[in-house]
Amino acid sequence: MINRLKLLRNIGQFDSVDSAANIPLARLTVVYSENGRGKTTLAAVLRSLATGNPVPIAERKRLASQHPPHVVLECSGGPPPAIFENNAWNRTLPDLAVFDDVFIDENVHSGLVVQAHHRQNLHELILGAQAVALSRRLQALVAQIETHNTTLRAKERAIPTADRGAFSVDDFCSLPARPDIEKAIQEAERNLAAAHDQDAIRTTLPFESLSLPSFNLAAIAQVLEQDLPALDAATLARVQTHLAGLGQGGEPWVADGVHRIQSGHGSAATGACPFCAQDLQGSPVIQHYRAYFSDLYAVLKRTVSDALGAVIRAHGGDVPAGFERAVRVGVERRQFWSRFCEVAEFTLDTAAIVRDWRAAREAVQAQLAGKQVAPLERLDLSDETRVAVATYEAHSHTIATINLRFQEANEAIGVAKERAATANSTVLGTDLVRLKAVKARYTPATAALCDEYLLERTAKEATEQLRDQAKGELDLQKTTVFQAYQTAINVYLPKFNADFRLDSVVSTNTRGGPTCTYNVVINNTPVPIGGADLALGEASFRNTLSAGDRNTLALAFFFASLDQDTKLANKVVVIDDPISSLDDHRALTTVQEIRRLAEHAAQVHAAQVIVLSHNKTFLCRLWEGADSTARAALEVVRDGAGSTLRAWDVAQDSITEHDRRHAMLRGYVASSSGNKQEVARSIRPLLEAFLRVARPEHFKPGAALLGPFIGVCEQRVGTAGEILDSVSLQELRDLNEYASRYHHPGWETEPINDGQLCGFVERALRFAR
């Protein structure tokens, strides 16, 4: 509540006014002011107090003033008082609603035009403070989401497009991590390669085992150690001594000759030597030769020769080259199959193997060749030979390990062949792209960028959830508030005798924010008041509503918003010139509605109604119907070149000419006071004023006098259209006959009898009750 206007300095017409500091304001306060004296300035001060906006005061700084505006108001919320100084309030009074030209211009129309900002402000007015706060929170959340979107776009651009590939940024950042990503990519690449090379996979053979032939050292050693155990020592010694004298190759040469003697070839039949033709019958060594070079000797030599041949076949010729070819084939197949499945690497130093192989072979061959030269000589397998063979055969362990890997690889190759036979390269290609994207997603630099993006997206989703929640709450309120507001408006419009109503009062979301649209219905024809531009000549707000209609609509909007206000019990309602452009019948409704607000304020002892107007009659009507204990009145009057405030005696200004006449007649009856001619002359105007109110349809202002009215009444006595009964009509004739004497020329000299005058005055007062 506003209690006192303690100081108005350097604002509008107020130079330095503190004259109202001791005039307490009441629950209903009326302020009278002639136009141009400062009434609208007071409304602007109170509007600024409500919002804290300094502009309504600052723009009214008193012209030629050297100092800024200064306002001190004693009101609720203090102490201290509300002070406007240095272009700012020390506090505000938010529970304050002002109806004035600014309200109309901001919320309803500007002259003949309803613009977008009018509908937006009207939208807030209809919603009320709580819903407006919710609406503003919704708009703030929408703006915050736009900020999120801007940030997200920046963070999206920071993520390398080459890493994302065909994935959207959301899908890319949401890819799950895989600890086995390298292995998975390798497997996918092999599967895709297999799908592309199905024919080659089908025709390419798996691995074949590698093999190195072994040396049977035990058998070779046994061959080297063989001799002819049946030969006696003397024979053996005699032959070996003789053979030793023959030199190298002597034993085979002799053995061949002995066989020739035994076989009877040449001269053997004659017993002659095949070489010198001498008779051998008496030779001391022939018998020893025959025993030495017997069949067992031939078997022994064959055994040695077979052993040597076996070594040569197994380890000589193209065998080493064949091994090297097998190794090269294995390497080539590994290169092929490693593209499609897991194949362990293997390395073989074939040069070293062949070198060691050759050394072992040559060592064994040398020993067997020596045995072949001296078959009956027992030989031992040398350590050098054993070492050479052992070095060679050590490579066999490596070969065995590689063969095991080949077997494992062959199993994988079998699976790869099966997969390749049914593979879908498109699906496999998609899988590979995804896996590579996963790898790129979780590289340290990109992972950090994606994490920032996801954090921002999560923040946006949280804001969107709050937005949806606020929107749901606001939509729920709108479904009831706007319909209730439309109903309230259409209750007030008939009260103001408006011949139109509102329809389709709805909330509409636009790019500029939520707005209110509605139809003005005239003669059951809707005239849209929306955002669309109307063609020239079409029915619109500007050409269907008069100035009074537009002001009536604005006033109805204001009263309806008060009805919807849940804080009305604590509201200070300020109304500036509400009957501008209104007819008398609408002005009466305005008085009635303001009285209702004032009665409400008096009942709750928290609300207040302040009415400012340049129309004394309007303010007097308010004053007359108000509680005398809860009303106050001020007037703004001229003070030199400015204005000041003072208490206003409403009762004195409420007296009309009819009231004055009535008081004069009552005074004359009571004490014979007053001028008798003036009293007599006042009887007829008193009766005429009464009949204009009692019979307004027959006694219209300016259209008839008392005499013609009596004539009409006489014609209708006893009819359905009777105006006055015969008794009343006769009394009115008598009164008019007496009173008319003082309305003709020379009435000032008409003699007056005090008793007669007093009797007619009493009768006139009784008739005009």
# chains A, B, ... in the order shown; residues from 1 in each chain; ligands from 1
>>> residues_around(residues="Asp475 of chain A", least_positions_apart="6", cutoff="10 Å", atoms="only C-alpha atoms", output="list in words")
Ala131, Ser135, Gln469, Val481 and Ser507 of chain A
>>> select_by_dssp(residues="segment 13-194 of chain A", states="strand (DSSP E)", output="JSON, numbers by chain")
{"A": [14, 15, 16, 17, 28, 29, 30, 31, 32, 33, 70, 71, 72, 73, 74, 75, 82, 83, 84, 85, 88, 89, 96, 97, 98, 99]}
>>> closest_residue(among="A:Arg27, A:Ala440, A:Phe760, A:Val329", to="Ala606 of chain A", atoms="only C-alpha atoms")
A:Arg27
>>> closest_residue(among="A:Phe346, A:Asp356, A:Asn90, A:Val223", to="Ser305 of chain A", atoms="only C-alpha atoms")
A:Val223
>>> closest_residue(among="A:Glu208, A:Glu461, A:Glu762, A:Asp503", to="Pro526 of chain A", atoms="only C-alpha atoms")
A:Asp503
>>> closest_residue(among="A:Glu324, A:Asp499, A:Asp227, A:Glu182", to="Ser546 of chain A", atoms="only C-alpha atoms")
A:Asp499
>>> select_by_dssp(residues="segment 289-379 of chain A", states="alpha helix (DSSP H)", output="JSON list (two decimals) with N, CA and C atoms, in the first residue's frame")
[["chain", "number", "residue", "atom", "x", "y", "z"],
["A", 289, "TYR", "N", 93.47, -116.01, -51.66],
["A", 289, "TYR", "CA", 92.61, -115.09, -52.38],
["A", 289, "TYR", "C", 91.19, -115.63, -52.49],
["A", 290, "ARG", "N", 91.11, -116.89, -52.80],
["A", 290, "ARG", "CA", 89.79, -117.48, -52.96],
["A", 290, "ARG", "C", 88.99, -117.43, -51.66],
["A", 291, "ALA", "N", 89.69, -117.66, -50.55],
["A", 291, "ALA", "CA", 88.98, -117.58, -49.25],
["A", 291, "ALA", "C", 88.58, -116.12, -48.95],
["A", 292, "TYR", "N", 89.53, -115.21, -49.28],
["A", 292, "TYR", "CA", 89.30, -113.78, -48.97],
["A", 292, "TYR", "C", 88.18, -113.20, -49.81],
["A", 295, "ASP", "N", 82.03, -115.40, -51.58],
["A", 295, "ASP", "CA", 80.68, -114.81, -51.76],
["A", 295, "ASP", "C", 80.33, -113.85, -50.63],
["A", 296, "LEU", "N", 80.79, -114.18, -49.44],
["A", 296, "LEU", "CA", 80.52, -113.28, -48.30],
["A", 296, "LEU", "C", 81.18, -111.92, -48.53],
["A", 297, "TYR", "N", 82.32, -111.93, -49.14],
["A", 297, "TYR", "CA", 83.02, -110.71, -49.47],
["A", 297, "TYR", "C", 82.18, -109.87, -50.44],
["A", 298, "ALA", "N", 81.61, -110.58, -51.42],
["A", 298, "ALA", "CA", 80.76, -109.87, -52.39],
["A", 298, "ALA", "C", 79.54, -109.26, -51.73],
["A", 299, "VAL", "N", 78.98, -110.02, -50.79],
["A", 299, "VAL", "CA", 77.81, -109.49, -50.06],
["A", 299, "VAL", "C", 78.20, -108.25, -49.26],
["A", 300, "LEU", "N", 79.36, -108.33, -48.60],
["A", 300, "LEU", "CA", 79.81, -107.21, -47.81],
["A", 300, "LEU", "C", 80.00, -105.97, -48.68],
["A", 301, "LYS", "N", 80.65, -106.20, -49.83],
["A", 301, "LYS", "CA", 80.87, -105.06, -50.70],
["A", 301, "LYS", "C", 79.55, -104.47, -51.19],
["A", 302, "ARG", "N", 78.60, -105.35, -51.45],
["A", 302, "ARG", "CA", 77.29, -104.87, -51.92],
["A", 302, "ARG", "C", 76.58, -104.08, -50.81],
["A", 303, "THR", "N", 76.77, -104.58, -49.59],
["A", 303, "THR", "CA", 76.13, -103.88, -48.45],
["A", 303, "THR", "C", 76.67, -102.46, -48.32],
["A", 304, "VAL", "N", 78.02, -102.37, -48.46],
["A", 304, "VAL", "CA", 78.63, -101.04, -48.37],
["A", 304, "VAL", "C", 78.16, -100.16, -49.51],
["A", 305, "SER", "N", 78.12, -100.76, -50.69],
["A", 305, "SER", "CA", 77.68, -99.98, -51.86],
["A", 305, "SER", "C", 76.24, -99.54, -51.73],
["A", 306, "ASP", "N", 75.38, -100.43, -51.21],
["A", 306, "ASP", "CA", 73.97, -100.07, -51.02],
["A", 306, "ASP", "C", 73.83, -98.94, -50.00],
["A", 307, "ALA", "N", 74.64, -99.02, -48.93],
["A", 307, "ALA", "CA", 74.56, -97.97, -47.92],
["A", 307, "ALA", "C", 74.96, -96.63, -48.51],
["A", 308, "LEU", "N", 76.02, -96.67, -49.30],
["A", 308, "LEU", "CA", 76.48, -95.43, -49.91],
["A", 308, "LEU", "C", 75.43, -94.91, -50.88],
["A", 309, "GLY", "N", 74.85, -95.79, -51.67],
["A", 309, "GLY", "CA", 73.83, -95.37, -52.63],
["A", 309, "GLY", "C", 72.60, -94.79, -51.94],
["A", 310, "ALA", "N", 72.24, -95.41, -50.79],
["A", 310, "ALA", "CA", 71.08, -94.91, -50.06],
["A", 310, "ALA", "C", 71.33, -93.48, -49.55],
["A", 311, "VAL", "N", 72.54, -93.24, -49.07],
["A", 311, "VAL", "CA", 72.89, -91.88, -48.60],
["A", 311, "VAL", "C", 72.82, -90.90, -49.75],
["A", 312, "ILE", "N", 73.35, -91.32, -50.89],
["A", 312, "ILE", "CA", 73.35, -90.42, -52.04],
["A", 312, "ILE", "C", 71.93, -90.14, -52.51],
["A", 313, "ARG", "N", 71.10, -91.18, -52.54],
["A", 313, "ARG", "CA", 69.70, -90.97, -52.99],
["A", 313, "ARG", "C", 68.92, -90.08, -52.01],
["A", 314, "ALA", "N", 69.15, -90.30, -50.72],
["A", 314, "ALA", "CA", 68.38, -89.54, -49.73],
["A", 314, "ALA", "C", 68.88, -88.12, -49.55],
["A", 315, "HIS", "N", 70.17, -87.94, -49.74],
["A", 315, "HIS", "CA", 70.74, -86.63, -49.39],
["A", 315, "HIS", "C", 71.45, -85.94, -50.55],
["A", 319, "VAL", "N", 67.76, -83.49, -54.10],
["A", 319, "VAL", "CA", 67.00, -83.48, -52.83],
["A", 319, "VAL", "C", 67.16, -82.15, -52.10],
["A", 320, "PRO", "N", 68.34, -81.64, -51.87],
["A", 320, "PRO", "CA", 68.46, -80.33, -51.19],
["A", 320, "PRO", "C", 67.75, -79.20, -51.96],
["A", 321, "ALA", "N", 67.86, -79.24, -53.29],
["A", 321, "ALA", "CA", 67.17, -78.20, -54.07],
["A", 321, "ALA", "C", 65.65, -78.32, -53.92],
["A", 322, "GLY", "N", 65.18, -79.57, -53.85],
["A", 322, "GLY", "CA", 63.74, -79.77, -53.62],
["A", 322, "GLY", "C", 63.30, -79.22, -52.27],
["A", 323, "PHE", "N", 64.15, -79.39, -51.27],
["A", 323, "PHE", "CA", 63.83, -78.84, -49.94],
["A", 323, "PHE", "C", 63.75, -77.32, -50.01],
["A", 324, "GLU", "N", 64.72, -76.72, -50.70],
["A", 324, "GLU", "CA", 64.71, -75.26, -50.80],
["A", 324, "GLU", "C", 63.47, -74.78, -51.54],
["A", 325, "ARG", "N", 63.05, -75.50, -52.58],
["A", 325, "ARG", "CA", 61.82, -75.12, -53.29],
["A", 325, "ARG", "C", 60.61, -75.21, -52.37],
["A", 326, "ALA", "N", 60.56, -76.27, -51.56],
["A", 326, "ALA", "CA", 59.43, -76.43, -50.63],
["A", 326, "ALA", "C", 59.37, -75.26, -49.64],
["A", 327, "VAL", "N", 60.58, -74.83, -49.20],
["A", 327, "VAL", "CA", 60.61, -73.68, -48.28],
["A", 327, "VAL", "C", 60.09, -72.43, -48.98],
["A", 328, "ARG", "N", 60.52, -72.19, -50.22],
["A", 328, "ARG", "CA", 60.05, -71.02, -50.95],
["A", 328, "ARG", "C", 58.54, -71.07, -51.15],
["A", 329, "VAL", "N", 58.01, -72.24, -51.47],
["A", 329, "VAL", "CA", 56.55, -72.38, -51.62],
["A", 329, "VAL", "C", 55.85, -72.04, -50.32],
["A", 330, "GLY", "N", 56.42, -72.52, -49.20],
["A", 330, "GLY", "CA", 55.82, -72.22, -47.89],
["A", 330, "GLY", "C", 55.81, -70.73, -47.61],
["A", 331, "VAL", "N", 56.92, -70.06, -47.95],
["A", 331, "VAL", "CA", 56.97, -68.61, -47.74],
["A", 331, "VAL", "C", 55.92, -67.90, -48.58],
["A", 332, "GLU", "N", 55.81, -68.33, -49.83],
["A", 332, "GLU", "CA", 54.82, -67.70, -50.73],
["A", 332, "GLU", "C", 53.39, -67.93, -50.22],
["A", 333, "ARG", "N", 53.11, -69.13, -49.76],
["A", 333, "ARG", "CA", 51.76, -69.42, -49.27],
["A", 333, "ARG", "C", 51.48, -68.65, -47.98],
["A", 334, "ARG", "N", 52.51, -68.48, -47.18],
["A", 334, "ARG", "CA", 52.28, -67.67, -45.98],
["A", 334, "ARG", "C", 51.95, -66.23, -46.36],
["A", 335, "GLN", "N", 52.66, -65.70, -47.34],
["A", 335, "GLN", "CA", 52.34, -64.35, -47.79],
["A", 335, "GLN", "C", 50.91, -64.27, -48.30],
["A", 336, "PHE", "N", 50.45, -65.28, -48.96],
["A", 336, "PHE", "CA", 49.07, -65.29, -49.48],
["A", 336, "PHE", "C", 48.07, -65.44, -48.34],
["A", 337, "TRP", "N", 48.25, -66.48, -47.54],
["A", 337, "TRP", "CA", 47.23, -66.79, -46.53],
["A", 337, "TRP", "C", 47.23, -65.82, -45.36],
["A", 350, "THR", "N", 67.98, -71.41, -45.10],
["A", 350, "THR", "CA", 68.18, -72.59, -45.95],
["A", 350, "THR", "C", 69.63, -72.76, -46.38],
["A", 351, "ALA", "N", 70.34, -71.66, -46.50],
["A", 351, "ALA", "CA", 71.76, -71.76, -46.88],
["A", 351, "ALA", "C", 72.54, -72.50, -45.80],
["A", 352, "ALA", "N", 72.24, -72.16, -44.55],
["A", 352, "ALA", "CA", 72.93, -72.83, -43.45],
["A", 352, "ALA", "C", 72.54, -74.30, -43.39],
["A", 353, "ILE", "N", 71.23, -74.56, -43.61],
["A", 353, "ILE", "CA", 70.77, -75.95, -43.56],
["A", 353, "ILE", "C", 71.45, -76.76, -44.65],
["A", 354, "VAL", "N", 71.44, -76.22, -45.86],
["A", 354, "VAL", "CA", 72.06, -76.94, -46.99],
["A", 354, "VAL", "C", 73.56, -77.12, -46.76],
["A", 355, "ARG", "N", 74.20, -76.08, -46.20],
["A", 355, "ARG", "CA", 75.63, -76.19, -45.91],
["A", 355, "ARG", "C", 75.89, -77.30, -44.89],
["A", 356, "ASP", "N", 75.11, -77.30, -43.80],
["A", 356, "ASP", "CA", 75.30, -78.35, -42.79],
["A", 356, "ASP", "C", 74.89, -79.70, -43.33],
["A", 357, "TRP", "N", 73.87, -79.70, -44.17],
["A", 357, "TRP", "CA", 73.41, -80.96, -44.78],
["A", 357, "TRP", "C", 74.53, -81.55, -45.66],
["A", 358, "ARG", "N", 75.13, -80.65, -46.47],
["A", 358, "ARG", "CA", 76.19, -81.11, -47.35],
["A", 358, "ARG", "C", 77.39, -81.64, -46.55],
["A", 359, "ALA", "N", 77.72, -80.93, -45.49],
["A", 359, "ALA", "CA", 78.85, -81.37, -44.66],
["A", 359, "ALA", "C", 78.58, -82.75, -44.06],
["A", 360, "ALA", "N", 77.37, -82.95, -43.59],
["A", 360, "ALA", "CA", 77.03, -84.25, -42.99],
["A", 360, "ALA", "C", 77.03, -85.33, -44.06],
["A", 361, "ARG", "N", 76.46, -85.02, -45.22],
["A", 361, "ARG", "CA", 76.41, -86.00, -46.31],
["A", 361, "ARG", "C", 77.81, -86.38, -46.76],
["A", 362, "GLU", "N", 78.64, -85.37, -46.94],
["A", 362, "GLU", "CA", 79.99, -85.65, -47.43],
["A", 362, "GLU", "C", 80.80, -86.44, -46.41],
["A", 363, "ALA", "N", 80.59, -86.15, -45.13],
["A", 363, "ALA", "CA", 81.32, -86.91, -44.10],
["A", 363, "ALA", "C", 80.91, -88.37, -44.12],
["A", 364, "VAL", "N", 79.59, -88.63, -44.23],
["A", 364, "VAL", "CA", 79.10, -90.01, -44.25],
["A", 364, "VAL", "C", 79.56, -90.69, -45.53],
["A", 365, "GLN", "N", 79.45, -89.98, -46.63],
["A", 365, "GLN", "CA", 79.87, -90.58, -47.91],
["A", 365, "GLN", "C", 81.36, -90.92, -47.89],
["A", 366, "ALA", "N", 82.13, -90.02, -47.30],
["A", 366, "ALA", "CA", 83.58, -90.29, -47.26],
["A", 366, "ALA", "C", 83.89, -91.55, -46.48],
["A", 367, "GLN", "N", 83.20, -91.74, -45.37],
["A", 367, "GLN", "CA", 83.48, -92.94, -44.57],
["A", 367, "GLN", "C", 82.99, -94.18, -45.29],
["A", 368, "LEU", "N", 81.84, -94.12, -45.92],
["A", 368, "LEU", "CA", 81.35, -95.27, -46.67],
["A", 368, "LEU", "C", 82.24, -95.56, -47.88],
["A", 369, "ALA", "N", 82.76, -94.51, -48.51],
["A", 369, "ALA", "CA", 83.67, -94.70, -49.64],
["A", 369, "ALA", "C", 84.96, -95.39, -49.17],
["A", 370, "GLY", "N", 85.45, -95.01, -48.01],
["A", 370, "GLY", "CA", 86.61, -95.68, -47.45],
["A", 370, "GLY", "C", 86.35, -97.14, -47.16],
["A", 371, "LYS", "N", 85.20, -97.45, -46.68],
["A", 371, "LYS", "CA", 84.82, -98.84, -46.42],
["A", 371, "LYS", "C", 84.73, -99.60, -47.73],
["A", 372, "GLN", "N", 84.24, -98.85, -48.72],
["A", 372, "GLN", "CA", 84.08, -99.51, -50.02],
["A", 372, "GLN", "C", 85.44, -99.90, -50.58],
["A", 373, "VAL", "N", 86.44, -99.07, -50.31],
["A", 373, "VAL", "CA", 87.79, -99.39, -50.80],
["A", 373, "VAL", "C", 88.36, -100.59, -50.05]]
